[in-house]
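Trainee: First the structure, which I've put down as structure tokens, then a few questions once you've had a look.
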Amino acid sequence: MTPHPDAKFPGLKDGDKWCLCVSRWIEAKDAGLAPPVFLESSHENVLDSISLEEFRKYSGGSKAESSDEL
């Protein structure tokens, strides 16, 4: 995201994590631009919109990858 010095926001850099609502994440996925997800940081309600199997394909790393936890 673009820096906004007036709001004391330095901007995002590679490796930063940020929150993204599921509808925007799905929009990015459909455009081939889905960012990686961290399963343990994701709310279980995401499974109302996407299957756990599909969501795991985009995992950026998590202990939950090999379990059914979310």
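FYI, nothing fancy with the structure tokens labels: chains A, B, ... in order, residues from 1 per chain, ligands from 1 as they appear.
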Go through chain A and collect every residue that DSSP, computed from the backbone, puts in helix (DSSP H, G or I); the answer should be as a short mmCIF file (atom, residue, chain, number, x, y, z; two decimals) with all heavy atoms, in the first residue's frame.
Mentor:
data_model
loop_
_atom_site.label_atom_id
_atom_site.label_comp_id
_atom_site.auth_asym_id
_atom_site.auth_seq_id
_atom_site.Cartn_x
_atom_site.Cartn_y
_atom_site.Cartn_z
N PRO A 5 2.59 9.68 4.60
CA PRO A 5 3.31 10.32 5.70
C PRO A 5 2.41 11.20 6.57
O PRO A 5 2.63 11.28 7.78
CB PRO A 5 4.37 11.16 5.00
CG PRO A 5 4.47 10.63 3.62
CD PRO A 5 3.15 10.00 3.30
N ASP A 6 1.41 11.82 5.98
CA ASP A 6 0.51 12.68 6.75
C ASP A 6 -0.26 11.89 7.82
O ASP A 6 -0.64 12.43 8.85
CB ASP A 6 -0.48 13.41 5.84
CG ASP A 6 -1.24 12.46 4.93
OD1 ASP A 6 -0.63 11.53 4.37
OD2 ASP A 6 -2.46 12.64 4.78
N ALA A 7 -0.45 10.59 7.59
CA ALA A 7 -1.12 9.73 8.55
C ALA A 7 -0.11 8.87 9.32
O ALA A 7 -0.50 7.94 10.01
CB ALA A 7 -2.12 8.83 7.83
N VAL A 22 -12.53 -11.37 2.97
CA VAL A 22 -12.62 -12.53 2.09
C VAL A 22 -13.14 -12.17 0.70
O VAL A 22 -12.69 -12.73 -0.29
CB VAL A 22 -13.43 -13.68 2.74
CG1 VAL A 22 -14.90 -13.33 2.85
CG2 VAL A 22 -13.23 -14.97 1.99
N SER A 23 -14.07 -11.22 0.62
CA SER A 23 -14.60 -10.88 -0.71
C SER A 23 -13.52 -10.27 -1.61
O SER A 23 -13.46 -10.57 -2.80
CB SER A 23 -15.80 -9.95 -0.60
OG SER A 23 -15.45 -8.75 0.04
N ARG A 24 -12.65 -9.45 -1.04
CA ARG A 24 -11.56 -8.86 -1.84
C ARG A 24 -10.50 -9.91 -2.15
O ARG A 24 -9.90 -9.90 -3.23
CB ARG A 24 -10.92 -7.68 -1.10
CG ARG A 24 -11.83 -6.49 -1.02
CD ARG A 24 -12.03 -5.91 -2.41
NE ARG A 24 -12.86 -4.73 -2.30
CZ ARG A 24 -13.78 -4.40 -3.17
NH1 ARG A 24 -14.00 -5.14 -4.22
NH2 ARG A 24 -14.48 -3.32 -3.00
N TRP A 25 -10.27 -10.83 -1.20
CA TRP A 25 -9.30 -11.89 -1.45
C TRP A 25 -9.77 -12.77 -2.60
O TRP A 25 -9.00 -13.11 -3.49
CB TRP A 25 -9.06 -12.72 -0.19
CG TRP A 25 -7.98 -13.73 -0.39
CD1 TRP A 25 -6.64 -13.54 -0.22
CD2 TRP A 25 -8.15 -15.06 -0.87
NE1 TRP A 25 -5.96 -14.69 -0.56
CE2 TRP A 25 -6.87 -15.64 -0.97
CE3 TRP A 25 -9.25 -15.83 -1.22
CZ2 TRP A 25 -6.65 -16.94 -1.39
CZ3 TRP A 25 -9.03 -17.14 -1.66
CH2 TRP A 25 -7.75 -17.67 -1.74
N ILE A 26 -11.07 -13.12 -2.61
CA ILE A 26 -11.63 -13.94 -3.69
C ILE A 26 -11.56 -13.18 -5.01
O ILE A 26 -11.23 -13.76 -6.05
CB ILE A 26 -13.07 -14.39 -3.36
CG1 ILE A 26 -13.02 -15.42 -2.23
CG2 ILE A 26 -13.77 -14.94 -4.59
CD1 ILE A 26 -14.38 -15.81 -1.69
N GLU A 27 -11.80 -11.89 -4.98
CA GLU A 27 -11.68 -11.07 -6.19
C GLU A 27 -10.25 -11.14 -6.73
O GLU A 27 -10.03 -11.30 -7.93
CB GLU A 27 -12.06 -9.63 -5.85
CG GLU A 27 -12.07 -8.68 -7.02
CD GLU A 27 -12.48 -7.28 -6.60
OE1 GLU A 27 -13.42 -7.12 -5.80
OE2 GLU A 27 -11.83 -6.33 -7.08
N ALA A 28 -9.27 -11.03 -5.83
CA ALA A 28 -7.86 -11.13 -6.24
C ALA A 28 -7.54 -12.53 -6.76
O ALA A 28 -6.84 -12.68 -7.76
CB ALA A 28 -6.95 -10.78 -5.07
N LYS A 29 -8.08 -13.56 -6.11
CA LYS A 29 -7.85 -14.94 -6.56
C LYS A 29 -8.40 -15.14 -7.96
O LYS A 29 -7.74 -15.70 -8.83
CB LYS A 29 -8.52 -15.93 -5.60
CG LYS A 29 -8.37 -17.39 -6.01
CD LYS A 29 -9.12 -18.33 -5.09
CE LYS A 29 -10.57 -18.41 -5.36
NZ LYS A 29 -10.98 -19.06 -6.59
N ASP A 30 -9.60 -14.65 -8.20
CA ASP A 30 -10.23 -14.78 -9.51
C ASP A 30 -9.44 -14.06 -10.60
O ASP A 30 -9.50 -14.44 -11.76
CB ASP A 30 -11.67 -14.30 -9.47
CG ASP A 30 -12.58 -15.21 -8.65
OD1 ASP A 30 -12.17 -16.34 -8.32
OD2 ASP A 30 -13.70 -14.77 -8.32
N LEU A 39 -3.26 -19.40 7.63
CA LEU A 39 -4.47 -20.06 8.10
C LEU A 39 -4.79 -19.75 9.55
O LEU A 39 -5.94 -19.50 9.89
CB LEU A 39 -4.36 -21.58 7.89
CG LEU A 39 -4.21 -22.02 6.43
CD1 LEU A 39 -4.03 -23.54 6.36
CD2 LEU A 39 -5.38 -21.58 5.59
N GLU A 40 -3.80 -19.76 10.42
CA GLU A 40 -4.04 -19.51 11.83
C GLU A 40 -4.47 -18.08 12.11
O GLU A 40 -5.01 -17.80 13.18
CB GLU A 40 -2.81 -19.87 12.66
CG GLU A 40 -2.54 -21.36 12.67
CD GLU A 40 -1.28 -21.73 13.40
OE1 GLU A 40 -0.41 -20.87 13.60
OE2 GLU A 40 -1.16 -22.90 13.77
N SER A 41 -4.24 -17.18 11.17
CA SER A 41 -4.64 -15.78 11.34
C SER A 41 -5.98 -15.50 10.67
O SER A 41 -6.44 -14.37 10.71
CB SER A 41 -3.57 -14.87 10.74
OG SER A 41 -2.34 -15.05 11.40
N GLU A 44 -12.58 -18.39 10.97
CA GLU A 44 -13.25 -19.58 10.44
C GLU A 44 -14.39 -19.24 9.50
O GLU A 44 -14.77 -20.05 8.65
CB GLU A 44 -13.75 -20.47 11.57
CG GLU A 44 -14.81 -19.83 12.43
CD GLU A 44 -15.17 -20.66 13.65
OE1 GLU A 44 -14.31 -21.39 14.16
OE2 GLU A 44 -16.32 -20.56 14.08
N ASN A 45 -14.95 -18.04 9.59
CA ASN A 45 -16.05 -17.66 8.70
C ASN A 45 -15.63 -17.57 7.24
O ASN A 45 -16.48 -17.54 6.36
CB ASN A 45 -16.67 -16.34 9.14
CG ASN A 45 -17.51 -16.48 10.39
OD1 ASN A 45 -17.74 -17.59 10.87
ND2 ASN A 45 -17.94 -15.36 10.94
N VAL A 46 -14.32 -17.54 6.98
CA VAL A 46 -13.87 -17.53 5.59
C VAL A 46 -14.36 -18.80 4.88
O VAL A 46 -14.60 -18.79 3.67
CB VAL A 46 -12.33 -17.38 5.52
CG1 VAL A 46 -11.60 -18.67 5.84
CG2 VAL A 46 -11.89 -16.88 4.16
N LEU A 47 -14.58 -19.87 5.66
CA LEU A 47 -15.03 -21.13 5.08
C LEU A 47 -16.47 -21.08 4.60
O LEU A 47 -16.93 -21.99 3.93
CB LEU A 47 -14.82 -22.27 6.08
CG LEU A 47 -13.36 -22.47 6.49
CD1 LEU A 47 -13.26 -23.59 7.50
CD2 LEU A 47 -12.46 -22.71 5.30
N ASP A 48 -17.17 -19.99 4.91
CA ASP A 48 -18.50 -19.78 4.35
C ASP A 48 -18.40 -19.39 2.87
O ASP A 48 -19.39 -19.48 2.14
CB ASP A 48 -19.26 -18.68 5.10
CG ASP A 48 -19.60 -19.06 6.52
OD1 ASP A 48 -19.60 -20.28 6.85
OD2 ASP A 48 -19.86 -18.15 7.33
N LEU A 52 -11.92 -25.18 2.69
CA LEU A 52 -10.62 -25.26 3.34
C LEU A 52 -9.57 -25.81 2.39
O LEU A 52 -8.44 -25.32 2.35
CB LEU A 52 -10.71 -26.12 4.60
CG LEU A 52 -9.43 -26.30 5.41
CD1 LEU A 52 -8.84 -24.95 5.82
CD2 LEU A 52 -9.69 -27.18 6.63
N GLU A 53 -9.95 -26.80 1.60
CA GLU A 53 -9.02 -27.38 0.63
C GLU A 53 -8.50 -26.31 -0.34
O GLU A 53 -7.30 -26.21 -0.60
CB GLU A 53 -9.71 -28.51 -0.13
CG GLU A 53 -8.84 -29.17 -1.16
CD GLU A 53 -9.57 -30.28 -1.92
OE1 GLU A 53 -10.76 -30.52 -1.68
OE2 GLU A 53 -8.91 -30.89 -2.77
N GLU A 54 -9.41 -25.50 -0.88
CA GLU A 54 -9.00 -24.43 -1.80
C GLU A 54 -8.17 -23.37 -1.09
O GLU A 54 -7.16 -22.91 -1.60
CB GLU A 54 -10.25 -23.79 -2.42
CG GLU A 54 -9.96 -22.66 -3.39
CD GLU A 54 -9.41 -23.11 -4.73
OE1 GLU A 54 -9.38 -24.32 -5.00
OE2 GLU A 54 -9.00 -22.23 -5.50
N PHE A 55 -8.58 -22.99 0.13
CA PHE A 55 -7.88 -21.96 0.90
C PHE A 55 -6.45 -22.40 1.21
O PHE A 55 -5.52 -21.59 1.16
CB PHE A 55 -8.67 -21.67 2.18
CG PHE A 55 -8.44 -20.31 2.75
CD1 PHE A 55 -8.51 -19.16 1.98
CD2 PHE A 55 -8.18 -20.16 4.11
CE1 PHE A 55 -8.32 -17.91 2.53
CE2 PHE A 55 -7.98 -18.91 4.67
CZ PHE A 55 -8.05 -17.78 3.88
N ARG A 56 -6.27 -23.68 1.53
CA ARG A 56 -4.93 -24.20 1.85
C ARG A 56 -3.96 -24.06 0.68
O ARG A 56 -2.76 -23.95 0.89
CB ARG A 56 -5.03 -25.67 2.23
CG ARG A 56 -5.47 -25.90 3.63
CD ARG A 56 -5.39 -27.36 3.95
NE ARG A 56 -5.72 -27.58 5.34
CZ ARG A 56 -6.30 -28.66 5.79
NH1 ARG A 56 -6.63 -29.64 4.97
NH2 ARG A 56 -6.56 -28.79 7.07
N LYS A 63 0.88 -23.95 11.01
CA LYS A 63 0.80 -25.26 11.62
C LYS A 63 -0.49 -25.94 11.25
O LYS A 63 -0.60 -27.15 11.30
CB LYS A 63 0.92 -25.14 13.15
CG LYS A 63 2.29 -24.73 13.62
CD LYS A 63 2.36 -24.78 15.12
CE LYS A 63 1.77 -23.49 15.67
NZ LYS A 63 1.95 -23.34 17.11
N ALA A 64 -1.49 -25.19 10.87
CA ALA A 64 -2.80 -25.75 10.56
C ALA A 64 -2.87 -26.36 9.16
O ALA A 64 -3.85 -26.96 8.80
CB ALA A 64 -3.88 -24.66 10.68
N GLU A 65 -1.81 -26.25 8.40
CA GLU A 65 -1.84 -26.77 7.03
C GLU A 65 -2.17 -28.25 6.96
O GLU A 65 -2.83 -28.69 6.05
CB GLU A 65 -0.49 -26.55 6.33
CG GLU A 65 -0.25 -25.13 5.94
CD GLU A 65 1.11 -24.94 5.35
OE1 GLU A 65 2.10 -25.39 5.94
OE2 GLU A 65 1.17 -24.35 4.27
N SER A 66 -1.71 -29.01 7.92
CA SER A 66 -1.92 -30.44 7.87
C SER A 66 -3.07 -30.89 8.75
O SER A 66 -3.24 -32.07 8.98
CB SER A 66 -0.64 -31.17 8.26
OG SER A 66 -0.28 -30.80 9.57
#
Trainee: Atom CA of A:Leu12 to atom CA of A:Ser51: how many Å, to one decimal?
Mentor: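 Taking atom CA of A:Leu12 and atom CA of A:Ser51, their separation equals 28.6 Å.
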Trainee: Which value, in Å to one decimal, gives the distance between atom CA of A:Lys13 and atom CA of A:Tyr58?
Mentor: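 Between atom CA of A:Lys13 and atom CA of A:Tyr58 the gap works out to 19.6 Å.
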Trainee: Could you work out how far atom CA of A:Ile50 lies from atom CA of A:Thr2, giving the answer in Å with one decimal?
Mentor: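 Distance between the two atoms: 28.8 Å.
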Trainee: Using only C-alpha atoms, pick whichever of A:Ser49, A:Pro3, A:Ser59, A:Gly11 has the shortest atom-to-atom distance to A:Pro35.
Mentor: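 The answer is A:Ser59, which sits nearest to A:Pro35.
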